[in-house]
file run-v8.cif (mmCIF, C-alpha atoms and all ligand atoms)
data_coords
#
loop_
_atom_site.label_atom_id
_atom_site.label_comp_id
_atom_site.auth_asym_id
_atom_site.auth_seq_id
_atom_site.Cartn_x
_atom_site.Cartn_y
_atom_site.Cartn_z
CA MET D 1 206.64 216.14 203.43
CA LYS D 2 205.63 217.27 206.93
CA PRO D 3 202.24 218.63 208.01
CA LEU D 4 201.80 222.38 207.41
CA ARG D 5 200.96 224.08 210.68
CA THR D 6 201.46 227.82 210.18
CA PRO D 7 200.05 230.45 207.81
CA ALA D 8 203.63 231.18 206.64
CA ALA D 9 204.01 227.51 205.66
CA LEU D 10 200.69 227.66 203.79
CA VAL D 11 201.86 230.74 201.89
CA ALA D 12 205.16 229.02 201.05
CA ALA D 13 203.20 226.02 199.71
CA ALA D 14 201.06 228.39 197.55
CA LEU D 15 197.94 227.28 199.41
CA VAL D 16 197.09 230.88 200.33
CA PRO D 17 198.13 234.18 198.73
CA PRO D 18 200.72 236.26 200.66
CA GLU D 19 198.29 239.16 201.12
CA ARG D 20 196.20 236.96 203.43
CA LEU D 21 199.08 236.19 205.75
CA ALA D 22 198.37 238.87 208.38
CA ALA D 23 194.69 237.93 208.71
CA LEU D 24 195.53 234.24 208.85
CA GLU D 25 198.07 234.84 211.61
CA GLN D 26 195.15 236.20 213.64
CA VAL D 27 193.03 233.13 212.81
CA ALA D 28 195.89 230.77 213.71
CA ALA D 29 196.43 232.54 217.03
CA ARG D 30 192.93 231.42 218.01
CA TYR D 31 192.29 228.14 216.16
CA ALA D 32 194.79 225.39 215.44
CA VAL D 33 195.97 224.80 211.87
CA SER D 34 197.30 221.55 210.42
CA LEU D 35 197.20 219.98 206.98
CA THR D 36 198.74 216.55 206.51
CA PRO D 37 200.62 215.61 203.31
CA ASP D 38 197.68 213.37 202.31
CA VAL D 39 195.28 216.31 202.56
CA ILE D 40 197.65 218.64 200.69
CA ASP D 41 197.83 216.05 197.91
CA LEU D 42 194.06 216.22 197.51
CA ILE D 43 193.93 220.00 197.03
CA ASN D 44 193.64 221.38 193.51
CA LEU D 45 195.78 224.52 193.62
CA ASP D 46 194.19 225.78 190.40
CA ASP D 47 190.73 225.88 191.94
CA PRO D 48 190.20 228.92 194.21
CA ALA D 49 187.02 227.24 195.54
CA ASP D 50 188.55 223.82 196.06
CA PRO D 51 186.27 221.87 198.48
CA ILE D 52 189.18 220.15 200.22
CA ALA D 53 191.07 223.41 200.78
CA ARG D 54 187.89 225.00 202.10
CA GLN D 55 187.72 222.38 204.85
CA PHE D 56 191.31 222.68 206.08
CA VAL D 57 192.94 225.93 204.94
CA PRO D 58 192.12 228.73 207.41
CA ASP D 59 190.06 231.65 206.13
CA PRO D 60 189.83 235.25 207.36
CA SER D 61 186.03 234.74 207.65
CA GLU D 62 186.77 232.73 210.80
CA LEU D 63 187.43 236.02 212.59
CA ALA D 64 183.72 236.93 212.24
CA VAL D 65 181.93 235.39 215.21
CA ARG D 66 178.14 235.60 215.05
CA PRO D 67 176.01 236.29 218.14
CA GLU D 68 174.36 232.86 218.03
CA GLU D 69 177.74 231.05 217.92
CA SER D 70 179.25 229.61 221.08
CA ALA D 71 182.55 228.15 222.29
CA ASP D 72 180.52 225.14 223.52
CA PRO D 73 177.98 224.90 220.67
CA ILE D 74 176.35 221.59 221.63
CA GLY D 75 176.53 221.99 225.39
CA ASP D 76 179.25 219.44 226.18
CA ASP D 77 180.27 221.19 229.41
CA ALA D 78 176.89 220.69 231.08
CA HIS D 79 177.25 216.92 230.61
CA SER D 80 180.86 216.43 231.68
CA PRO D 81 180.74 214.91 235.18
CA VAL D 82 184.48 214.08 235.18
CA GLU D 83 187.33 215.17 232.94
CA GLY D 84 187.33 213.29 229.62
CA ILE D 85 183.70 212.09 229.84
CA ILE D 86 180.58 213.55 228.24
CA HIS D 87 177.45 211.74 229.42
CA ARG D 88 174.47 213.16 227.56
CA TYR D 89 172.33 210.08 226.83
CA PRO D 90 171.57 207.34 229.37
CA ASP D 91 173.21 204.37 227.62
CA ARG D 92 176.36 205.88 226.16
CA VAL D 93 179.24 208.22 226.94
CA LEU D 94 181.93 210.00 224.99
CA LEU D 95 185.45 209.26 226.25
CA LYS D 96 188.01 211.82 225.06
CA PRO D 97 191.52 210.47 225.69
CA VAL D 98 193.21 213.05 223.47
CA HIS D 99 192.68 216.66 222.39
CA ILE D 100 194.79 216.83 219.28
CA CYS D 101 194.18 215.85 215.64
CA PRO D 102 196.35 215.27 212.58
CA VAL D 103 194.34 218.01 210.81
CA TYR D 104 192.23 220.85 212.12
CA CYS D 105 188.92 221.12 210.28
CA ARG D 106 187.75 224.71 209.94
CA SER D 107 184.19 223.64 210.82
CA CYS D 108 185.11 221.69 213.97
CA LEU D 109 182.48 221.95 216.69
CA ARG D 110 185.19 221.47 219.35
CA ARG D 111 187.60 223.98 217.81
CA GLU D 112 187.82 225.89 221.09
CA SER D 113 189.06 222.81 222.94
CA VAL D 114 191.29 220.94 220.48
CA GLY D 115 194.80 221.72 219.29
CA PRO D 116 198.26 222.27 220.66
CA GLY D 117 197.13 225.20 222.80
CA HIS D 118 195.19 222.78 225.01
CA ARG D 119 196.12 219.81 227.17
CA ARG D 120 197.13 217.19 224.58
CA TRP D 121 196.24 213.98 226.41
CA LEU D 122 194.09 212.95 229.29
CA SER D 123 196.51 212.29 232.16
CA ARG D 124 196.80 208.73 233.44
CA ALA D 125 195.01 209.71 236.67
CA ALA D 126 192.19 211.42 234.74
CA LEU D 127 191.82 208.38 232.48
CA VAL D 128 191.50 206.13 235.54
CA ARG D 129 188.80 208.44 236.95
CA ALA D 130 186.97 208.40 233.59
CA LEU D 131 187.10 204.59 233.43
CA ASN D 132 185.90 204.36 237.04
CA TYR D 133 182.95 206.59 236.11
CA ILE D 134 182.00 204.16 233.32
CA ARG D 135 182.59 201.11 235.52
CA ALA D 136 180.25 202.44 238.21
CA ARG D 137 177.28 202.91 235.84
CA PRO D 138 175.79 199.67 234.52
CA GLN D 139 173.49 201.58 232.15
CA ILE D 140 176.50 202.55 229.97
CA TRP D 141 176.29 200.12 227.06
CA GLU D 142 178.44 202.03 224.55
CA VAL D 143 181.62 204.09 224.84
CA ILE D 144 182.47 206.46 222.00
CA LEU D 145 186.17 207.27 221.73
CA THR D 146 186.52 210.77 220.33
CA GLY D 147 188.59 213.82 221.06
CA GLY D 148 190.49 215.21 219.26
CA ASP D 149 191.06 212.21 217.10
CA PRO D 150 191.69 209.04 219.14
CA LEU D 151 193.60 207.37 216.31
CA VAL D 152 196.53 209.76 216.82
CA LEU D 153 197.28 207.62 219.89
CA SER D 154 199.89 204.88 219.55
CA PRO D 155 198.59 201.32 219.16
CA ARG D 156 199.91 200.58 222.64
CA ARG D 157 197.91 203.40 224.26
CA LEU D 158 194.80 202.56 222.24
CA ARG D 159 195.11 198.91 223.23
CA ASP D 160 195.33 199.90 226.92
CA VAL D 161 192.13 201.98 226.68
CA VAL D 162 190.17 199.41 224.65
CA ARG D 163 191.28 196.50 226.86
CA ALA D 164 190.26 198.46 229.97
CA LEU D 165 186.81 198.98 228.42
CA GLU D 166 186.59 195.30 227.51
CA ARG D 167 187.03 194.40 231.15
CA ILE D 168 183.88 196.37 232.05
CA GLU D 169 181.12 193.79 231.79
CA HIS D 170 178.27 196.16 230.86
CA VAL D 171 180.18 197.98 228.08
CA LYS D 172 179.29 196.09 224.91
CA ILE D 173 180.19 198.56 222.17
CA VAL D 174 183.36 200.59 221.60
CA ARG D 175 182.82 203.16 218.87
CA VAL D 176 185.80 205.09 217.48
CA HIS D 177 185.18 208.44 215.76
CA THR D 178 188.02 209.40 213.45
CA ARG D 179 189.22 211.30 210.43
CA VAL D 180 192.58 209.47 210.35
CA PRO D 181 191.77 206.95 207.56
CA VAL D 182 191.33 209.86 205.12
CA VAL D 183 193.83 212.42 206.43
CA ALA D 184 196.67 210.13 207.58
CA PRO D 185 195.86 206.67 206.17
CA ALA D 186 199.35 205.26 206.82
CA ARG D 187 198.52 205.34 210.55
CA ILE D 188 195.97 202.56 209.98
CA THR D 189 198.37 199.68 210.43
CA ALA D 190 197.55 196.06 211.24
CA GLU D 191 198.86 196.73 214.76
CA LEU D 192 196.52 199.70 215.25
CA VAL D 193 193.54 197.74 213.91
CA ARG D 194 194.31 194.88 216.32
CA ALA D 195 194.54 197.41 219.15
CA ILE D 196 191.03 198.81 218.64
CA LYS D 197 189.25 195.56 217.84
CA ALA D 198 187.24 194.19 220.72
CA PRO D 199 187.46 190.37 220.78
CA ARG D 200 184.34 188.49 219.68
CA ASN D 201 184.19 186.10 222.57
CA ALA D 202 181.48 185.03 224.96
CA SER D 203 181.05 188.60 226.22
CA SER D 204 179.85 189.75 222.76
CA LYS D 205 181.69 193.06 222.55
CA ALA D 206 182.03 194.90 219.27
CA THR D 207 184.12 197.76 217.90
CA TYR D 208 182.66 200.11 215.29
CA VAL D 209 184.67 202.79 213.47
CA VAL D 210 182.86 205.94 212.34
CA LEU D 211 184.73 207.79 209.61
CA HIS D 212 184.33 211.56 209.29
CA ALA D 213 184.38 212.39 205.55
CA ASN D 214 182.71 215.33 203.81
CA HIS D 215 183.67 215.12 200.14
CA PRO D 216 184.03 212.15 197.77
CA ARG D 217 187.61 213.14 196.87
CA GLU D 218 188.62 212.42 200.47
CA LEU D 219 188.20 208.71 199.66
CA SER D 220 191.55 208.57 197.86
CA ALA D 221 193.15 205.25 196.93
CA ARG D 222 195.22 205.38 200.14
CA ALA D 223 192.14 206.22 202.23
CA ARG D 224 190.14 203.39 200.64
CA ALA D 225 192.96 200.96 201.38
CA ALA D 226 193.10 202.14 205.02
CA CYS D 227 189.34 201.63 205.39
CA ALA D 228 189.64 198.19 203.80
CA ARG D 229 192.23 197.22 206.43
CA ILE D 230 189.67 198.08 209.13
CA VAL D 231 186.68 196.37 207.48
CA ASP D 232 188.68 193.29 206.42
CA ALA D 233 189.63 192.83 210.07
CA GLY D 234 185.93 192.44 210.86
CA ILE D 235 185.26 195.96 212.20
CA PRO D 236 182.07 197.50 210.73
CA MET D 237 182.43 201.07 209.49
CA LEU D 238 179.89 203.89 209.45
CA SER D 239 180.35 207.48 208.34
CA GLN D 240 179.43 210.91 209.54
CA SER D 241 179.58 214.00 207.38
CA VAL D 242 178.97 217.67 208.06
CA LEU D 243 176.88 219.60 205.57
CA LEU D 244 179.19 222.45 204.54
CA ARG D 245 178.56 225.39 202.22
CA GLY D 246 180.89 225.25 199.24
CA VAL D 247 182.05 221.71 200.10
CA ASN D 248 179.15 219.29 199.75
CA ASP D 249 175.98 221.41 199.61
CA ASP D 250 174.84 220.16 196.22
CA PRO D 251 173.02 216.92 195.38
CA ASP D 252 175.65 215.58 192.99
CA THR D 253 178.51 215.91 195.49
CA LEU D 254 176.47 214.47 198.36
CA ALA D 255 175.30 211.58 196.18
CA ALA D 256 178.86 210.84 195.06
CA LEU D 257 180.08 210.97 198.68
CA MET D 258 177.42 208.58 199.96
CA ARG D 259 177.86 206.14 197.08
CA THR D 260 181.64 206.16 197.41
CA LEU D 261 181.32 205.39 201.12
CA VAL D 262 178.92 202.49 200.51
CA GLU D 263 181.11 201.12 197.70
CA ASN D 264 183.89 200.99 200.29
CA ARG D 265 181.70 199.12 202.80
CA ILE D 266 181.05 202.20 204.94
CA LYS D 267 177.40 202.81 205.82
CA PRO D 268 176.43 206.52 205.88
CA TYR D 269 175.14 207.20 209.38
CA TYR D 270 174.78 210.92 210.09
CA LEU D 271 174.74 214.06 207.98
CA HIS D 272 175.20 216.80 210.58
CA HIS D 273 173.81 220.26 210.15
CA GLY D 274 176.71 222.64 210.83
CA ASP D 275 177.02 223.42 214.54
CA LEU D 276 177.14 227.00 215.85
CA ALA D 277 180.90 226.89 216.49
CA PRO D 278 182.62 230.30 216.53
CA GLY D 279 183.73 231.68 213.18
CA THR D 280 182.05 228.97 211.09
CA GLY D 281 179.07 230.91 209.72
CA HIS D 282 180.58 231.08 206.22
CA LEU D 283 180.53 227.26 206.13
CA ARG D 284 176.96 226.69 207.35
CA THR D 285 173.90 226.14 205.17
CA THR D 286 170.35 226.81 206.31
CA ILE D 287 168.13 223.96 207.53
CA PRO D 288 165.71 224.35 204.55
CA GLN D 289 168.72 223.99 202.21
CA GLY D 290 169.72 220.82 204.05
CA GLN D 291 166.19 219.43 203.86
CA ALA D 292 166.02 220.15 200.12
CA LEU D 293 169.28 218.23 199.65
CA ILE D 294 167.95 215.26 201.59
CA ARG D 295 164.81 215.31 199.42
CA ALA D 296 167.03 215.30 196.34
CA LEU D 297 168.77 212.14 197.57
CA HIS D 298 165.51 210.39 198.50
CA GLY D 299 164.60 207.87 195.81
CA ARG D 300 167.57 208.82 193.68
CA LEU D 301 170.00 206.84 195.86
CA SER D 302 169.79 203.37 197.36
CA GLY D 303 168.57 203.25 200.94
CA LEU D 304 172.08 202.09 201.86
CA CYS D 305 173.33 205.56 200.86
CA GLN D 306 170.85 207.58 202.97
CA PRO D 307 172.30 209.20 206.11
CA THR D 308 170.08 210.69 208.81
CA TYR D 309 170.20 214.50 208.68
CA VAL D 310 170.59 215.63 212.30
CA LEU D 311 170.95 218.75 214.39
CA ASP D 312 172.75 218.76 217.71
CA ILE D 313 170.49 221.05 219.70
CA PRO D 314 172.46 223.89 221.33
CA GLY D 315 172.49 223.76 225.12
CA GLY D 316 173.28 220.05 225.37
CA HIS D 317 169.84 218.67 224.47
CA GLY D 318 171.22 216.02 222.11
CA LYS D 319 170.70 215.20 218.45
CA SER D 320 167.37 215.19 216.66
CA PRO D 321 166.60 214.20 213.07
CA ILE D 322 165.64 217.27 211.03
CA GLY D 323 165.08 215.76 207.61
CA PRO D 324 161.98 216.64 205.61
CA SER D 325 158.68 215.01 206.55
CA TYR D 326 156.87 213.01 203.89
CA LEU D 327 153.77 212.37 205.98
CA GLU D 328 150.87 214.65 206.88
CA ARG D 329 147.84 213.74 208.91
CA VAL D 330 144.58 214.36 207.06
CA PRO D 331 141.69 215.62 209.17
CA SER D 332 139.34 212.65 209.35
CA ALA D 333 136.26 211.66 211.29
CA GLY D 334 136.32 208.80 213.77
CA GLU D 335 139.27 207.07 215.33
CA ASP D 336 140.97 205.84 212.16
CA ALA D 337 143.80 208.26 211.38
CA ARG D 338 144.42 208.95 207.70
CA PHE D 339 147.54 210.38 206.19
CA GLU D 340 148.83 211.88 203.00
CA ILE D 341 152.26 210.60 202.07
CA GLU D 342 154.63 211.98 199.45
CA ASP D 343 156.58 209.63 197.17
CA PHE D 344 160.06 210.23 195.77
CA ASN D 345 158.60 211.83 192.60
CA ALA D 346 156.65 214.34 194.74
CA GLY D 347 153.38 212.46 194.07
CA ARG D 348 150.95 212.48 197.01
CA HIS D 349 148.89 209.50 198.17
CA LEU D 350 146.32 208.78 200.84
CA TYR D 351 147.14 206.13 203.42
CA PRO D 352 145.20 203.95 203.88
CA PRO D 353 144.20 204.35 200.21
CA ALA D 354 140.80 205.89 199.52
CA ARG D 355 137.95 203.34 199.45
CA GLN D 356 135.18 203.28 196.83
CA ASP D 357 132.59 204.41 199.37
CA ASP D 358 134.72 207.42 200.48
CA SER D 359 133.55 209.58 197.62
S1 LIG D 401 189.36 215.77 213.22
FE1 LIG D 401 187.41 215.98 214.34
S2 LIG D 401 187.96 216.82 216.34
FE2 LIG D 401 189.73 217.13 214.96
S3 LIG D 401 189.45 219.18 214.09
FE3 LIG D 401 188.49 217.74 212.65
S4 LIG D 401 186.32 217.68 213.30
FE4 LIG D 401 187.50 218.56 215.01
#
call {"tool": "encode", "arguments": {"input": "run-v8.cif", "output": "C-alpha cells"}}
result
Amino acid sequence: MKPLRTPAALVAAALVPPERLAALEQVAARYAVSLTPDVIDLINLDDPADPIARQFVPDPSELAVRPEESADPIGDDAHSPVEGIIHRYPDRVLLKPVHICPVYCRSCLRRESVGPGHRRWLSRAALVRALNYIRARPQIWEVILTGGDPLVLSPRRLRDVVRALERIEHVKIVRVHTRVPVVAPARITAELVRAIKAPRNASSKATYVVLHANHPRELSARARAACARIVDAGIPMLSQSVLLRGVNDDPDTLAALMRTLVENRIKPYYLHHGDLAPGTGHLRTTIPQGQALIRALHGRLSGLCQPTYVLDIPGGHGKSPIGPSYLERVPSAGEDARFEIEDFNAGRHLYPPARQDDS
C-alpha cells in the first residue's frame, strides 16, 4: 500500500465520507496531507472519533483560523540567521535539512513551511552555510536535527550531515527529532541507525533520538521494534508529545502513553501545549485543562513517566514549563521563608514543618 496524499484517496479508503470531499480539497490546497500505510493500519474505521485519525486525517475545521493563530506560531523566523538554522537559545541550534515528512500531522506547528509545496531539501550550498554558522560559534554545544522529519533522508545523506557535525569540536550532542519510528518504522534500518550514531570516542559526542508520539496505540509492534533497534545500538531515546483535544486529553490515555514509552526505554521529555498554528484551534486544550491532567499524573505514575508540560511562548521567546505549582510561600516573619506544599493526594504541609513553639 502507498501513502494516501489526497482527499479523494482518503474517500476511496473510507477514511472520510464523500460529502466532506469539497471542504477537504480546500484544506489540502493549503496544508499537506499524507498518511503512511503504518498509520492507516492503526486507524479504527468504526470509530468516528478515532484518536489516530484525528491526528492525521484532515478536517474541515482547519479552515477556521483564529485571530491569535499565526503562520509562525513560535517565532522561528526572528531567530533564523541563515537558511536552515534556528538559533533561539545560546547553547543549541535547530538544523533543518529537510522540509518534508512521511505524514503531515494536523496539529503541526510548522504546517505553513513543511510539505511538497515548499522547498523539499536544504540545498548543498545552504547546508554548507548552515554548518559554517555552527562551526563559527563555539557556544553551540547541541545541534537538533528537525525539519520536516530528518529521518526521511537517506542513510548516506544523514551520515554526511552527522559526520560534518562530528568534525566540529564544540558540538557534543546531536539530537534527532522524528516521528518516523511510529509512522514508517521500516525506515529504521541498521544502516540508518549507524548513520545517525555519533561515535563514542575521545571527543565524547552523543546522539539522542526524540520520538514524537501522542497516543499509546502509536507504539505498535513494528514501532516498538524500530525503537528497540535505535536503543539497542546505544542511542538514548526521549519522547515529546503534544497535548491534543480528542487524542490524549484524558488521564488514562496520557498515563498509558507515558508508561508505554518508558516500557520501551523511551524517557518522556516534553508534553507540549498546542501551539497557535493556523487552523488547529479544534485540537487545542486550555492551559488549566493541561495543568489538571499533569496533576492527575503526579503521584499516580512513576517519576520516570512524568514529562515536563511546556509552552513555546509566541514571538520566539522560547519554552517555559507551565505545569501546576505545588508550592506556595507562607507569609512569615523574619528571614526564614516558610512554604506550604501540596502532596499527590492534595494534602497540604508546612515546610519546614511547624515547630512545637510555633503555636
Ligand atoms: S512529523 Fe513533525 S514536522 Fe512533520 S508534520 Fe508532523 S509534527 Fe510537523
call {"tool": "closest_residue", "arguments": {"input": "run-v8.cif", "among": "D:Leu24, D:Arg194, D:Glu263, D:Leu10", "to": "Leu45 in chain D", "atoms": "only C-alpha atoms"}}
result
D:Leu10
call {"tool": "atom_distance", "arguments": {"input": "run-v8.cif", "atom1": "CA of Ile266 in chain D", "atom2": "CA of Val310 in chain D"}}
result
18.5 Å
call {"tool": "closest_residue", "arguments": {"input": "run-v8.cif", "among": "D:Val183, D:Leu42, D:Ile86, D:Leu131", "to": "ligand LIG 401 (chain D)", "atoms": "all atoms listed in the file"}}
result
D:Val183
call {"tool": "closest_residue", "arguments": {"input": "run-v8.cif", "among": "D:Pro236, D:Gly281, D:Pro181, D:Pro321", "to": "Pro60 in chain D", "atoms": "all atoms listed in the file"}}
result
D:Gly281
call {"tool": "axis_aligned_box", "arguments": {"input": "run-v8.cif", "around": "ligand LIG 401 (chain D)", "padding_each_side": "8 Å", "output": "AutoDock Vina command-line options"}}
result
--center_x 188.0 --center_y 217.5 --center_z 214.5 --size_x 19.4 --size_y 19.4 --size_z 19.7
call {"tool": "closest_residue", "arguments": {"input": "run-v8.cif", "among": "D:Arg92, D:Lys2, D:His282, D:Arg20", "to": "Ser34 in chain D", "atoms": "all atoms listed in the file"}}
result
D:Lys2
call {"tool": "residues_around", "arguments": {"input": "run-v8.cif", "residues": "Glu342 in chain D", "least_positions_apart": "6", "cutoff": "7 Å", "atoms": "only C-alpha atoms", "output": "number ranges by chain"}}
result
D: 326-327, 348-349
call {"tool": "closest_residue", "arguments": {"input": "run-v8.cif", "among": "D:Pro102, D:Gly234, D:Gly318, D:Gly279", "to": "Ala78 in chain D", "atoms": "all atoms listed in the file"}}
result
D:Gly318
call {"tool": "residues_around", "arguments": {"input": "run-v8.cif", "residues": "Trp141 in chain D", "least_positions_apart": "3", "cutoff": "10 Å", "atoms": "only C-alpha atoms", "output": "list of chain:residue names"}}
result
D:Pro90, D:Asp91, D:Arg92, D:Val93, D:Ile134, D:Arg137, D:Pro138, D:Ile168, D:Glu169, D:His170, D:Val171, D:Lys172, D:Ile173, D:Val174, D:Lys205
call {"tool": "closest_residue", "arguments": {"input": "run-v8.cif", "among": "D:Ser61, D:Ser154, D:Gln289, D:Gln240", "to": "ligand LIG 401 (chain D)", "atoms": "all atoms listed in the file"}}
result
D:Gln240
call {"tool": "closest_atom_pairs", "arguments": {"input": "run-v8.cif", "of": "chain D", "to": "ligand LIG 401 (chain D)", "cutoff": "7 Å", "atoms": "only C-alpha atoms and all ligand atoms", "output": "tab-separated table"}}
result
residue	atom	partner	partner_atom	distance
D:Ile100	CA	D:LIG401	FE2	6.7
D:Cys101	CA	D:LIG401	FE2	4.7
D:Val103	CA	D:LIG401	S1	6.0
D:Tyr104	CA	D:LIG401	S3	3.8
D:Cys105	CA	D:LIG401	FE3	4.2
D:Ser107	CA	D:LIG401	S4	6.8
D:Cys108	CA	D:LIG401	FE4	4.1
D:Leu109	CA	D:LIG401	FE4	6.3
D:Arg110	CA	D:LIG401	FE4	5.7
D:Arg111	CA	D:LIG401	FE4	6.1
D:Val114	CA	D:LIG401	S2	6.7
D:Gly147	CA	D:LIG401	S2	5.6
D:Gly148	CA	D:LIG401	S2	4.2
D:Asp149	CA	D:LIG401	FE2	5.5
D:Thr178	CA	D:LIG401	S1	6.5
D:Arg179	CA	D:LIG401	S1	5.3
call {"tool": "write_last_selection", "arguments": {"input": "run-v8.cif", "atoms": "C-alpha atoms", "output": "short mmCIF file (atom, residue, chain, number, x, y, z; two decimals), keeping the file's coordinate frame"}}
result
data_model
loop_
_atom_site.label_atom_id
_atom_site.label_comp_id
_atom_site.auth_asym_id
_atom_site.auth_seq_id
_atom_site.Cartn_x
_atom_site.Cartn_y
_atom_site.Cartn_z
CA ILE D 100 194.79 216.83 219.28
CA CYS D 101 194.18 215.85 215.64
CA VAL D 103 194.34 218.01 210.81
CA TYR D 104 192.23 220.85 212.12
CA CYS D 105 188.92 221.12 210.28
CA SER D 107 184.19 223.64 210.82
CA CYS D 108 185.11 221.69 213.97
CA LEU D 109 182.48 221.95 216.69
CA ARG D 110 185.19 221.47 219.35
CA ARG D 111 187.60 223.98 217.81
CA VAL D 114 191.29 220.94 220.48
CA GLY D 147 188.59 213.82 221.06
CA GLY D 148 190.49 215.21 219.26
CA ASP D 149 191.06 212.21 217.10
CA THR D 178 188.02 209.40 213.45
CA ARG D 179 189.22 211.30 210.43
#
call {"tool": "residues_around", "arguments": {"input": "run-v8.cif", "residues": "Lys319 in chain D", "least_positions_apart": "3", "cutoff": "10 Å", "atoms": "only C-alpha atoms", "output": "MDAnalysis selection string"}}
result
chainID D and resid 74 89 272 309:314 316 322
call {"tool": "residues_around", "arguments": {"input": "run-v8.cif", "residues": "Pro324 in chain D", "least_positions_apart": "2", "cutoff": "9 Å", "atoms": "all atoms listed in the file", "output": "PyMOL selection string"}}
result
chain D and resi 288+290-292+294-295+322+326
call {"tool": "residues_around", "arguments": {"input": "run-v8.cif", "residues": "Gly315 in chain D", "least_positions_apart": "4", "cutoff": "12 Å", "atoms": "only C-alpha atoms", "output": "number ranges by chain"}}
result
D: 68-79, 88, 275-276, 311, 319
call {"tool": "atom_distance", "arguments": {"input": "run-v8.cif", "atom1": "CA of Asp46 in chain D", "atom2": "CA of Asp59 in chain D"}}
result
17.3 Å
call {"tool": "closest_atom_pairs", "arguments": {"input": "run-v8.cif", "of": "range 17-113 of chain D", "to": "range 242-248 of chain D", "cutoff": "8 Å", "atoms": "only C-alpha atoms", "output": "Markdown table"}}
result
| residue | atom | partner | partner_atom | distance |
| --- | --- | --- | --- | --- |
| D:Ala49 | CA | D:Gly246 | CA | 7.4 |
| D:Asp50 | CA | D:Val247 | CA | 7.9 |
| D:Pro51 | CA | D:Val247 | CA | 4.5 |
| D:Ile52 | CA | D:Val247 | CA | 7.3 |
| D:Arg54 | CA | D:Val247 | CA | 7.0 |
| D:Gln55 | CA | D:Val247 | CA | 7.4 |
call {"tool": "atom_distance", "arguments": {"input": "run-v8.cif", "atom1": "CA of Ser302 in chain D", "atom2": "CA of Asp343 in chain D"}}
result
14.6 Å
